[in-house]
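Visitor: Enclosed is the structure file data_16.txt (compact mmCIF, C-alpha atoms and all ligand atoms).
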```
# COMPACT_ATOMS: atom_id res chain seq x y z
CA MET A 12 71.44 -33.80 -107.32
CA ASN A 13 70.98 -33.69 -103.61
CA ARG A 14 73.74 -36.10 -102.65
CA THR A 15 73.61 -35.83 -98.88
CA GLY A 16 70.27 -34.24 -98.01
CA TYR A 17 72.29 -31.58 -96.18
CA PRO A 18 71.14 -27.97 -96.34
CA GLY A 19 72.68 -25.28 -98.53
CA LEU A 20 74.05 -21.92 -97.41
CA TYR A 21 73.45 -18.76 -99.46
CA VAL A 22 75.11 -15.37 -98.85
CA HIS A 23 73.67 -12.27 -100.51
CA VAL A 24 76.26 -9.62 -101.40
CA PRO A 25 74.09 -6.52 -101.84
CA PHE A 26 76.45 -4.32 -103.85
CA CYS A 27 76.57 -3.49 -107.58
CA LYS A 28 78.46 -0.58 -109.10
CA THR A 29 75.46 0.20 -111.31
CA LYS A 30 71.94 -1.18 -111.60
CA CYS A 31 71.03 -3.21 -114.69
CA PRO A 32 67.63 -2.02 -115.96
CA TYR A 33 66.02 -5.51 -115.90
CA CYS A 34 67.22 -6.58 -112.45
CA ASP A 35 64.98 -6.81 -109.41
CA PHE A 36 67.52 -8.30 -107.00
CA TYR A 37 68.35 -6.09 -104.06
CA SER A 38 71.61 -4.19 -104.48
CA ILE A 39 73.01 -0.72 -103.82
CA PRO A 40 76.01 1.10 -105.31
CA GLU A 41 77.53 2.17 -101.95
CA THR A 42 80.44 -0.21 -101.49
CA GLY A 43 81.58 1.87 -98.49
CA TYR A 44 79.30 -0.35 -96.39
CA VAL A 45 81.06 -3.63 -97.23
CA GLY A 46 82.86 -3.79 -93.87
CA GLU A 47 79.63 -3.37 -91.88
CA TRP A 48 77.78 -5.85 -94.10
CA LEU A 49 80.53 -8.45 -93.63
CA LYS A 50 80.49 -8.13 -89.84
CA ALA A 51 76.68 -8.40 -89.84
CA VAL A 52 76.65 -11.50 -92.08
CA LEU A 53 79.10 -13.29 -89.79
CA ARG A 54 77.08 -12.24 -86.76
CA GLU A 55 73.91 -13.52 -88.45
CA ALA A 56 75.67 -16.83 -89.20
CA SER A 57 76.71 -17.19 -85.56
CA LEU A 58 73.09 -16.62 -84.48
CA CYS A 59 71.45 -18.95 -87.02
CA VAL A 60 73.84 -21.80 -87.60
CA PRO A 61 74.41 -23.51 -84.22
CA GLY A 62 72.67 -26.87 -84.20
CA SER A 63 72.39 -27.01 -87.98
CA PRO A 64 73.57 -30.12 -89.81
CA PRO A 65 76.61 -29.55 -92.04
CA PHE A 66 76.11 -27.66 -95.27
CA ASP A 67 77.20 -29.24 -98.52
CA SER A 68 76.86 -26.13 -100.67
CA LEU A 69 77.86 -22.51 -100.22
CA TYR A 70 76.61 -20.07 -102.84
CA ILE A 71 77.89 -16.49 -102.77
CA GLY A 72 75.54 -14.48 -104.96
CA GLY A 73 74.09 -11.05 -105.25
CA GLY A 74 74.50 -8.33 -106.20
CA THR A 75 78.06 -8.58 -107.36
CA PRO A 76 80.23 -10.80 -105.12
CA SER A 77 83.22 -10.17 -107.39
CA LEU A 78 83.22 -6.55 -106.17
CA LEU A 79 84.51 -7.74 -102.78
CA ASP A 80 88.22 -7.12 -102.47
CA HIS A 81 90.83 -9.70 -101.45
CA ASP A 82 90.49 -9.20 -97.67
CA ASP A 83 86.71 -9.09 -97.67
CA ILE A 84 86.12 -12.30 -99.62
CA GLU A 85 88.83 -14.03 -97.62
CA GLY A 86 87.26 -12.72 -94.37
CA LEU A 87 83.82 -13.89 -95.49
CA ILE A 88 84.81 -17.45 -96.41
CA ALA A 89 87.17 -17.91 -93.45
CA GLY A 90 84.57 -16.43 -91.07
CA LEU A 91 81.87 -18.79 -92.38
CA ARG A 92 84.22 -21.76 -92.02
CA ASP A 93 84.80 -20.77 -88.37
CA VAL A 94 81.10 -20.68 -87.57
CA CYS A 95 79.55 -23.30 -89.89
CA ARG A 96 80.17 -26.99 -90.40
CA PHE A 97 80.67 -27.99 -94.03
CA ASP A 98 80.62 -31.44 -95.58
CA ASP A 99 84.01 -32.66 -96.84
CA VAL A 100 82.81 -32.35 -100.42
CA THR A 101 81.11 -28.97 -100.44
CA GLU A 102 80.20 -27.16 -103.64
CA VAL A 103 81.42 -23.58 -103.24
CA THR A 104 80.11 -21.22 -105.92
CA ILE A 105 80.70 -17.54 -106.51
CA GLU A 106 79.01 -15.29 -109.05
CA LEU A 107 81.33 -13.17 -111.17
CA ASN A 108 80.79 -10.13 -113.36
CA PRO A 109 82.98 -10.13 -116.48
CA ASP A 110 84.54 -6.73 -115.77
CA ASP A 111 85.89 -7.96 -112.41
CA VAL A 112 87.60 -11.06 -113.78
CA THR A 113 91.39 -11.14 -113.51
CA LYS A 114 93.84 -14.04 -113.26
CA GLU A 115 94.75 -12.92 -109.74
CA ARG A 116 91.15 -12.85 -108.58
CA LEU A 117 90.49 -16.32 -109.97
CA ALA A 118 93.64 -17.65 -108.25
CA LEU A 119 92.45 -16.11 -104.98
CA TYR A 120 89.06 -17.84 -105.29
CA ARG A 121 90.74 -21.19 -105.95
CA SER A 122 92.98 -20.75 -102.93
CA LEU A 123 89.89 -20.11 -100.79
CA GLY A 124 88.28 -23.39 -101.86
CA VAL A 125 85.86 -22.00 -104.46
CA ASN A 126 85.30 -24.88 -106.89
CA ARG A 127 82.60 -23.42 -109.12
CA VAL A 128 82.19 -19.99 -110.68
CA SER A 129 79.17 -18.59 -112.43
CA LEU A 130 79.95 -15.87 -114.97
CA GLY A 131 77.14 -13.38 -115.63
CA VAL A 132 77.77 -12.68 -119.30
CA GLN A 133 74.16 -12.27 -120.57
CA SER A 134 75.45 -11.64 -124.11
CA PHE A 135 78.69 -11.38 -126.08
CA ASN A 136 77.05 -9.04 -128.58
CA GLU A 137 78.07 -5.37 -128.18
CA GLU A 138 74.64 -3.94 -128.95
CA GLU A 139 72.88 -6.39 -126.67
CA VAL A 140 75.12 -5.81 -123.65
CA ARG A 141 74.62 -2.06 -124.11
CA PHE A 142 70.85 -2.52 -124.26
CA LEU A 143 71.00 -4.61 -121.07
CA GLY A 144 72.92 -1.83 -119.33
CA ARG A 145 75.79 -4.14 -118.43
CA ARG A 146 79.02 -2.61 -117.15
CA HIS A 147 81.08 -4.77 -119.51
CA SER A 148 81.43 -4.85 -123.27
CA GLY A 149 80.97 -7.95 -125.44
CA ARG A 150 84.73 -8.09 -125.86
CA GLN A 151 85.29 -7.99 -122.09
CA ALA A 152 82.78 -10.82 -121.71
CA GLN A 153 84.78 -12.92 -124.20
CA GLU A 154 88.05 -12.20 -122.42
CA ALA A 155 86.50 -13.02 -119.02
CA ALA A 156 85.09 -16.32 -120.32
CA ARG A 157 88.53 -17.23 -121.67
CA LEU A 158 90.22 -16.45 -118.34
CA VAL A 159 87.61 -18.43 -116.39
CA ALA A 160 87.94 -21.38 -118.78
CA GLU A 161 91.70 -21.38 -118.16
CA GLY A 162 91.24 -20.69 -114.45
CA GLY A 163 91.53 -24.27 -113.22
CA PHE A 164 88.06 -24.60 -111.70
CA ALA A 165 86.44 -28.02 -111.55
CA GLU A 166 83.33 -26.46 -113.04
CA PHE A 167 82.26 -23.10 -114.38
CA GLY A 168 78.99 -21.83 -115.76
CA ILE A 169 77.91 -18.97 -118.00
CA ASP A 170 74.62 -17.07 -117.61
CA LEU A 171 72.95 -15.76 -120.76
CA MET A 172 69.79 -13.88 -121.62
CA TYR A 173 67.51 -14.15 -124.65
CA GLY A 174 64.27 -12.63 -125.89
CA LEU A 175 65.80 -9.16 -126.28
CA PRO A 176 63.98 -6.68 -128.54
CA GLY A 177 65.03 -7.29 -132.12
CA GLN A 178 67.22 -10.28 -131.26
CA SER A 179 67.08 -12.83 -134.06
CA ALA A 180 67.26 -16.60 -133.57
CA ARG A 181 70.48 -16.46 -135.59
CA SER A 182 72.16 -13.94 -133.28
CA TRP A 183 70.99 -15.94 -130.23
CA ARG A 184 72.45 -19.14 -131.68
CA GLN A 185 75.74 -17.29 -132.26
CA THR A 186 75.80 -16.26 -128.59
CA LEU A 187 75.11 -19.85 -127.53
CA GLY A 188 77.81 -21.18 -129.85
CA GLN A 189 80.30 -18.67 -128.51
CA ALA A 190 79.47 -19.57 -124.88
CA LEU A 191 79.85 -23.28 -125.60
CA SER A 192 83.21 -22.71 -127.30
CA TYR A 193 84.74 -21.95 -123.87
CA GLY A 194 83.81 -25.43 -122.59
CA PRO A 195 81.53 -24.57 -119.65
CA ALA A 196 80.07 -27.33 -117.49
CA HIS A 197 76.85 -25.36 -117.06
CA LEU A 198 74.72 -22.83 -118.92
CA SER A 199 71.80 -20.82 -117.55
CA CYS A 200 69.61 -19.20 -120.19
CA TYR A 201 66.93 -16.83 -118.95
CA GLN A 202 64.31 -15.18 -121.06
CA LEU A 203 64.22 -11.43 -120.50
CA THR A 204 61.09 -10.65 -118.50
CA VAL A 205 59.82 -7.45 -116.95
CA GLU A 206 60.22 -7.66 -113.18
CA GLY A 207 58.83 -5.61 -110.26
CA ASP A 208 60.24 -2.15 -109.79
CA THR A 209 62.89 -1.92 -112.51
CA ALA A 210 63.79 0.60 -115.20
CA PHE A 211 62.48 -1.85 -117.82
CA SER A 212 59.14 -2.19 -116.03
CA ARG A 213 58.76 1.59 -116.19
CA LEU A 214 59.66 1.59 -119.91
CA SER A 215 57.19 -1.24 -120.46
CA ARG A 216 54.39 0.66 -118.71
CA GLU A 217 55.11 3.62 -121.01
CA GLY A 218 54.91 1.29 -124.02
CA ARG A 219 58.58 1.82 -124.84
CA LEU A 220 59.86 -1.75 -124.42
CA ASP A 221 59.11 -4.04 -127.28
CA LEU A 222 59.65 -7.60 -126.04
CA PRO A 223 58.95 -10.66 -128.22
CA ASP A 224 55.42 -12.04 -128.04
CA ASP A 225 54.69 -15.40 -126.36
CA ALA A 226 54.96 -17.41 -129.59
CA THR A 227 58.39 -15.93 -130.42
CA GLY A 228 59.52 -16.45 -126.81
CA ALA A 229 58.43 -20.09 -127.00
CA ARG A 230 60.27 -20.58 -130.31
CA LEU A 231 63.46 -19.12 -128.82
CA PHE A 232 63.08 -21.40 -125.80
CA LEU A 233 62.83 -24.48 -128.06
CA THR A 234 65.79 -23.27 -130.16
CA THR A 235 67.82 -22.85 -126.97
CA SER A 236 67.12 -26.33 -125.71
CA GLN A 237 67.63 -28.04 -129.07
CA TYR A 238 70.89 -26.21 -129.68
CA ILE A 239 72.42 -26.89 -126.26
CA THR A 240 71.23 -30.48 -125.84
CA GLY A 241 72.54 -31.06 -129.39
CA GLN A 242 75.99 -30.37 -127.90
CA GLY A 243 75.55 -33.16 -125.35
CA PHE A 244 74.15 -31.15 -122.44
CA ILE A 245 71.16 -32.19 -120.34
CA HIS A 246 68.29 -29.74 -119.96
CA TYR A 247 67.74 -30.38 -116.27
CA GLU A 248 65.63 -27.36 -115.32
CA VAL A 249 63.55 -24.95 -117.39
CA SER A 250 66.41 -22.43 -117.64
CA ASN A 251 69.42 -24.61 -116.79
CA PHE A 252 71.66 -26.99 -118.71
CA ALA A 253 74.59 -29.12 -117.53
CA ARG A 254 77.26 -31.17 -119.24
CA GLY A 255 75.99 -34.21 -117.30
CA GLU A 256 74.22 -34.99 -114.02
CA GLY A 257 77.51 -34.51 -112.17
CA CYS A 258 77.63 -30.86 -113.33
CA VAL A 259 74.20 -29.64 -112.18
CA SER A 260 74.25 -26.86 -109.62
CA ARG A 261 73.91 -28.78 -106.36
CA HIS A 262 72.97 -25.59 -104.55
CA ASN A 263 70.22 -24.51 -106.95
CA VAL A 264 68.76 -28.02 -107.11
CA LYS A 265 68.00 -27.66 -103.38
CA TYR A 266 65.51 -24.89 -104.22
CA TRP A 267 63.64 -27.16 -106.64
CA GLN A 268 63.78 -30.25 -104.45
CA HIS A 269 62.54 -28.53 -101.29
CA THR A 270 65.80 -29.24 -99.48
CA PRO A 271 66.40 -26.83 -96.57
CA TYR A 272 68.66 -23.83 -97.10
CA LEU A 273 69.77 -20.90 -95.02
CA GLY A 274 70.15 -17.44 -96.53
CA LEU A 275 72.35 -14.77 -94.96
CA GLY A 276 72.42 -11.08 -95.84
CA PRO A 277 69.79 -8.48 -96.71
CA SER A 278 66.78 -9.85 -98.66
CA ALA A 279 68.01 -13.46 -98.32
CA HIS A 280 65.37 -16.20 -98.02
CA SER A 281 65.58 -19.42 -96.00
CA PHE A 282 63.56 -22.63 -95.92
CA SER A 283 63.36 -25.41 -93.33
CA GLY A 284 61.16 -27.93 -95.14
CA ARG A 285 57.93 -26.42 -93.81
CA ARG A 286 58.73 -22.86 -92.79
CA ARG A 287 60.03 -20.12 -95.08
CA TRP A 288 61.43 -16.82 -93.81
CA TRP A 289 63.11 -13.78 -95.29
CA ASN A 290 65.42 -11.05 -94.09
CA HIS A 291 64.92 -7.31 -94.22
CA ARG A 292 65.53 -6.26 -97.80
CA ARG A 293 67.28 -2.95 -97.23
CA LEU A 294 70.84 -3.00 -95.95
CA GLU A 295 70.13 -0.23 -93.46
CA ALA A 296 67.33 -2.20 -91.74
CA TYR A 297 69.34 -5.43 -91.89
CA LEU A 298 72.34 -3.79 -90.17
CA ARG A 299 70.17 -2.03 -87.59
CA HIS A 300 68.54 -5.26 -86.44
CA LEU A 301 71.76 -7.21 -86.18
CA ASP A 302 73.58 -4.30 -84.49
CA GLY A 303 70.80 -4.18 -81.92
CA GLY A 304 71.29 -7.87 -81.18
CA SER A 305 68.02 -8.94 -82.81
CA SER A 306 67.30 -11.19 -85.75
CA ALA A 307 67.41 -9.90 -89.33
CA VAL A 308 64.21 -11.77 -90.21
CA GLU A 309 61.43 -9.55 -91.52
CA GLY A 310 58.73 -12.13 -92.16
CA SER A 311 57.91 -15.80 -92.31
CA GLU A 312 55.24 -18.26 -93.35
CA THR A 313 54.54 -21.84 -92.43
CA LEU A 314 53.28 -23.90 -95.30
CA SER A 315 50.31 -26.22 -94.86
CA GLU A 316 50.73 -29.82 -96.00
CA GLU A 317 48.68 -28.98 -99.06
CA GLN A 318 50.92 -26.00 -99.92
CA VAL A 319 54.05 -28.11 -99.49
CA HIS A 320 52.56 -30.67 -101.85
CA LEU A 321 51.57 -28.09 -104.47
CA GLU A 322 55.03 -26.46 -104.35
CA HIS A 323 56.59 -29.88 -104.63
CA LEU A 324 54.67 -30.45 -107.86
CA LEU A 325 55.44 -26.93 -109.12
CA PHE A 326 59.17 -27.30 -108.54
CA GLY A 327 59.24 -30.94 -109.65
CA PHE A 328 57.72 -30.17 -113.04
CA ARG A 329 60.41 -27.54 -113.60
CA THR A 330 63.08 -30.26 -113.58
CA MET A 331 63.94 -33.33 -115.59
CA TRP A 332 63.42 -35.48 -112.48
CA GLY A 333 59.71 -34.61 -112.44
CA VAL A 334 57.59 -36.03 -109.63
CA GLU A 335 56.79 -39.50 -108.39
CA LEU A 336 53.63 -41.06 -109.78
CA LYS A 337 52.33 -41.68 -106.27
CA GLU A 338 52.50 -37.95 -105.50
CA LEU A 339 49.79 -37.12 -108.03
CA PRO A 340 46.23 -36.78 -106.75
CA GLY A 341 44.62 -40.24 -106.87
CA GLU A 342 41.09 -39.73 -108.17
CA GLY A 343 40.99 -39.65 -111.97
CA ARG A 344 44.79 -39.64 -112.06
CA ALA A 345 45.14 -42.18 -114.84
CA ASN A 346 42.85 -40.25 -117.20
CA ARG A 347 44.46 -36.88 -116.58
CA LEU A 348 47.92 -38.31 -116.93
CA GLU A 349 47.01 -40.04 -120.17
CA ASP A 350 45.55 -36.78 -121.48
CA LEU A 351 48.75 -34.83 -120.68
CA ARG A 352 50.87 -37.62 -122.13
CA ARG A 353 48.86 -37.61 -125.37
CA ARG A 354 49.20 -33.82 -125.62
CA GLY A 355 52.97 -34.21 -125.30
CA PHE A 356 53.43 -32.45 -121.94
CA VAL A 357 54.73 -35.35 -119.83
CA GLU A 358 56.23 -38.81 -120.08
CA VAL A 359 55.95 -41.62 -117.58
CA ARG A 360 59.29 -43.29 -116.85
CA GLY A 361 58.90 -46.10 -114.37
CA GLN A 362 57.50 -44.51 -111.24
CA GLN A 363 58.36 -40.92 -112.32
CA VAL A 364 56.28 -38.46 -114.30
CA VAL A 365 58.66 -36.09 -116.09
CA PRO A 366 57.98 -33.01 -118.21
CA THR A 367 58.82 -33.08 -121.92
CA LEU A 368 60.37 -30.06 -123.62
CA THR A 369 56.85 -28.81 -124.42
CA GLY A 370 55.94 -29.56 -120.80
CA TYR A 371 58.75 -27.23 -119.64
CA LEU A 372 57.00 -24.43 -121.54
CA PHE A 373 53.93 -25.00 -119.38
CA ALA A 374 55.80 -25.99 -116.21
CA ASP A 375 53.92 -23.52 -114.03
CA ARG A 376 50.55 -24.84 -115.19
CA LEU A 377 51.23 -28.59 -115.13
CA PRO A 378 50.42 -29.10 -111.42
CA LEU A 379 46.96 -27.58 -111.93
CA MET A 380 46.39 -29.44 -115.20
CA ILE A 381 47.26 -32.71 -113.52
CA SER A 382 45.09 -32.01 -110.47
CA ALA A 383 42.02 -30.59 -112.26
S1 LIG A 401 71.99 -8.16 -112.94
FE1 LIG A 401 73.66 -8.59 -111.52
S2 LIG A 401 75.12 -6.87 -111.86
FE2 LIG A 401 73.16 -6.23 -112.74
S3 LIG A 401 72.15 -5.09 -111.07
FE3 LIG A 401 71.42 -7.22 -110.96
S4 LIG A 401 72.75 -8.22 -109.50
FE4 LIG A 401 73.78 -6.31 -110.13
```
Write the structure described by the file as structure tokens, please.
Ligand code: SF4
Guide:
Amino acid sequence: MNRTGYPGLYVHVPFCKTKCPYCDFYSIPETGYVGEWLKAVLREASLCVPGSPPFDSLYIGGGTPSLLDHDDIEGLIAGLRDVCRFDDVTEVTIELNPDDVTKERLALYRSLGVNRVSLGVQSFNEEEVRFLGRRHSGRQAQEAARLVAEGGFAEFGIDLMYGLPGQSARSWRQTLGQALSYGPAHLSCYQLTVEGDTAFSRLSREGRLDLPDDATGARLFLTTSQYITGQGFIHYEVSNFARGEGCVSRHNVKYWQHTPYLGLGPSAHSFSGRRRWWNHRRLEAYLRHLDGGSSAVEGSETLSEEQVHLEHLLFGFRTMWGVELKELPGEGRANRLEDLRRRGFVEVRGQQVVPTLTGYLFADRLPLMISA
């Protein structure tokens, strides 16, 4: 939850050794540019941060942040601490790829104040990780999860993916069971979807990617939620589960609660509460602008009050906190709400309207259904 109302800080590390065929995040394989990227990120921070309230979350994502070597990650975190103010109790998260996990690396992160790690496993199944083009094997993913679990972090999370061609509910439940056996505080479970300009989108256009139909996807989603909440977790966002409210990702909740955040690095997005802006996506353009003393921002938009309200509903219905009753459009509200309640999409709890599990399946459509 948003404890302080302070903004979050995101850093995009735009390097991956190889490109996973489903991934649309910006990354390049040329790690020779890490030094230039690091200097540019710290320069960008020094341009953007003055005057900002303290941050209470720092999220280092990508890309593959665990590709950064000892000096670079140390330089990044120390450099940010020099330029930015952080709340005393800041959530510091780093994303890890299983094939980068070593005891030494985990100890380094702890010594730098990282208190949360997010392990991008996707699957423990050998065939599935091969299909997903991951650099690690299922066995490596298991070993990495074990090391992270023993790594002494206050909280760690595991990211998984379902809805793979031919994946049975049984095999998915096995993956979930295996992930839970390591005792994570957090699980993110994303359904495989075809995104933008990816190798999978090309395969899909050629009719060579056989993803589950909507009904199967919905069944897998329900299986996922029932299985994980059955182990005592809360399903706090469509794709995210936590061992309790204290274990939700404070940083990611900011995105869904419209709390301001600042993004540094190529392709990073920022939000001020009304204005949204984004950096140049390609590293080359990002470096060129900062080297030339100008801003890395490529574009921006200012949301109207109506847009802010609609987004607020859209994000709110993706989470277990829902939206406040008074935020729903007044005219005919009671009838529409009653209709959605009868159809099992929402529940009214005091002054909050919250999505049910079925409601999560239609999260993107609920704001329109409730306003129509
Ligand atoms: S999924 Fe992660 S490791 Fe794979 S290309 Fe995308 S950012 Fe890199």
Visitor: Would you mind reading off the distance between atom CA of Ser283 of chain A and atom CA of Leu53 of chain A, one decimal, in Å?
Guide: 20.2 Å
Visitor: Which is closer to ligand LIG 401 (chain A) than all the others in A:Ile239, A:Leu301, A:Val140, A:Ala51, using only C-alpha atoms and all ligand atoms?
Guide: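 Closest residue, counting only C-alpha atoms and all ligand atoms: A:Val140.
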Visitor: Quick one: of A:Thr29, A:Thr234, A:Gln189, A:Asn136, who's nearest to ligand LIG 401 (chain A), counting all atoms listed in the file?
Guide: A:Thr29
Visitor: Which residues sit within 6 Å of ligand LIG 401 (chain A), counting only C-alpha atoms and all ligand atoms, listed as number ranges by chain?
Guide: A: 27, 30-31, 34, 36, 73-75
Visitor: Please produce a file of those selected residues containing C-alpha atoms, as a PDB file, keeping the file's coordinate frame.
Guide:
```pdb
ATOM      1  CA  CYS A  27      76.570  -3.490-107.580  1.00  0.00           C
ATOM      2  CA  LYS A  30      71.940  -1.180-111.600  1.00  0.00           C
ATOM      3  CA  CYS A  31      71.030  -3.210-114.690  1.00  0.00           C
ATOM      4  CA  CYS A  34      67.220  -6.580-112.450  1.00  0.00           C
ATOM      5  CA  PHE A  36      67.520  -8.300-107.000  1.00  0.00           C
ATOM      6  CA  GLY A  73      74.090 -11.050-105.250  1.00  0.00           C
ATOM      7  CA  GLY A  74      74.500  -8.330-106.200  1.00  0.00           C
ATOM      8  CA  THR A  75      78.060  -8.580-107.360  1.00  0.00           C
TER       9      THR A  75
END
```
Visitor: Here is a test: counting all atoms listed in the file, which residue of A:Lys28, A:Pro176, A:Leu49, A:Val364 is nearest to Leu294 of chain A?
Guide: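 Under the stated criterion, the closest residue is A:Leu49.
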Visitor: Give me the residues near segment 352-356 of chain A as an mmCIF file with C-alpha atoms, keeping the file's coordinate frame, where near means some atom within 10 Å (using all atoms listed in the file) and where sequence neighbours in that chain fewer than 5 positions away do not count.
Guide:
```
data_model
loop_
_atom_site.group_PDB
_atom_site.id
_atom_site.type_symbol
_atom_site.label_atom_id
_atom_site.label_comp_id
_atom_site.auth_asym_id
_atom_site.auth_seq_id
_atom_site.Cartn_x
_atom_site.Cartn_y
_atom_site.Cartn_z
ATOM 1 C CA ASN A 346 42.850 -40.250 -117.200
ATOM 2 C CA ARG A 347 44.460 -36.880 -116.580
ATOM 3 C CA VAL A 364 56.280 -38.460 -114.300
ATOM 4 C CA VAL A 365 58.660 -36.090 -116.090
ATOM 5 C CA PRO A 366 57.980 -33.010 -118.210
ATOM 6 C CA THR A 367 58.820 -33.080 -121.920
ATOM 7 C CA LEU A 368 60.370 -30.060 -123.620
ATOM 8 C CA THR A 369 56.850 -28.810 -124.420
ATOM 9 C CA GLY A 370 55.940 -29.560 -120.800
ATOM 10 C CA TYR A 371 58.750 -27.230 -119.640
ATOM 11 C CA LEU A 372 57.000 -24.430 -121.540
ATOM 12 C CA PHE A 373 53.930 -25.000 -119.380
ATOM 13 C CA ALA A 374 55.800 -25.990 -116.210
ATOM 14 C CA LEU A 377 51.230 -28.590 -115.130
#
```
Visitor: Per residue of segment 137-241 of chain A within 10 Å of segment 108-112 of chain A, what are the shortest atom pair and its distance in Å to one decimal, counting all atoms listed in the file, with rows by chain and residue number, as JSON lines?
Guide:
```
{"residue": "A:Arg145", "atom": "CA", "partner": "A:Asn108", "partner_atom": "CA", "distance": 9.3}
{"residue": "A:Arg146", "atom": "CA", "partner": "A:Asp110", "partner_atom": "CA", "distance": 7.0}
{"residue": "A:His147", "atom": "CA", "partner": "A:Asp110", "partner_atom": "CA", "distance": 5.5}
{"residue": "A:Ser148", "atom": "CA", "partner": "A:Asp110", "partner_atom": "CA", "distance": 8.3}
{"residue": "A:Gly149", "atom": "CA", "partner": "A:Pro109", "partner_atom": "CA", "distance": 9.4}
{"residue": "A:Arg150", "atom": "CA", "partner": "A:Pro109", "partner_atom": "CA", "distance": 9.8}
{"residue": "A:Gln151", "atom": "CA", "partner": "A:Pro109", "partner_atom": "CA", "distance": 6.4}
{"residue": "A:Ala152", "atom": "CA", "partner": "A:Pro109", "partner_atom": "CA", "distance": 5.3}
{"residue": "A:Gln153", "atom": "CA", "partner": "A:Pro109", "partner_atom": "CA", "distance": 8.4}
{"residue": "A:Glu154", "atom": "CA", "partner": "A:Pro109", "partner_atom": "CA", "distance": 8.1}
{"residue": "A:Ala155", "atom": "CA", "partner": "A:Pro109", "partner_atom": "CA", "distance": 5.2}
{"residue": "A:Ala156", "atom": "CA", "partner": "A:Pro109", "partner_atom": "CA", "distance": 7.6}
{"residue": "A:Leu158", "atom": "CA", "partner": "A:Val112", "partner_atom": "CA", "distance": 7.5}
{"residue": "A:Val159", "atom": "CA", "partner": "A:Val112", "partner_atom": "CA", "distance": 7.8}
```
Visitor: Just to confirm, what's the straight-line distance from atom CA of Tyr173 of chain A to atom CA of Gln133 of chain A in Å (one decimal)?
Guide: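 Separation between atom CA of Tyr173 of chain A and atom CA of Gln133 of chain A: 8.0 Å.
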Visitor: Need to verify the contact set: segment 17-20 of chain A, 9 Å, all atoms listed in the file, exclusion of same-chain residues closer than 6 positions in sequence. Can you return it as JSON, numbers by chain?
Guide: {"A": [63, 64, 65, 66, 67, 68, 69, 70, 71, 98, 261, 262, 263, 265, 270, 271, 272, 273, 274, 275, 281, 283]}
Visitor: Would you mind reading off the distance between atom CA of Pro32 of chain A and atom CA of Ala279 of chain A, one decimal, in Å?
Guide: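 Result for atom CA of Pro32 of chain A versus atom CA of Ala279 of chain A: 21.0 Å, one decimal.
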Visitor: Using only C-alpha atoms, which residue out of A:Glu206, A:Ala190, A:Leu78, A:Val259 lies closest to Glu166 of chain A?
Guide: A:Val259
Visitor: Looking at all atoms listed in the file, which of A:Gly131, A:Gly16, A:Gly177, A:Gly194 is the one that sits closest to Ala160 of chain A?
Guide: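 Smallest distance to Ala160 of chain A is found for A:Gly194.
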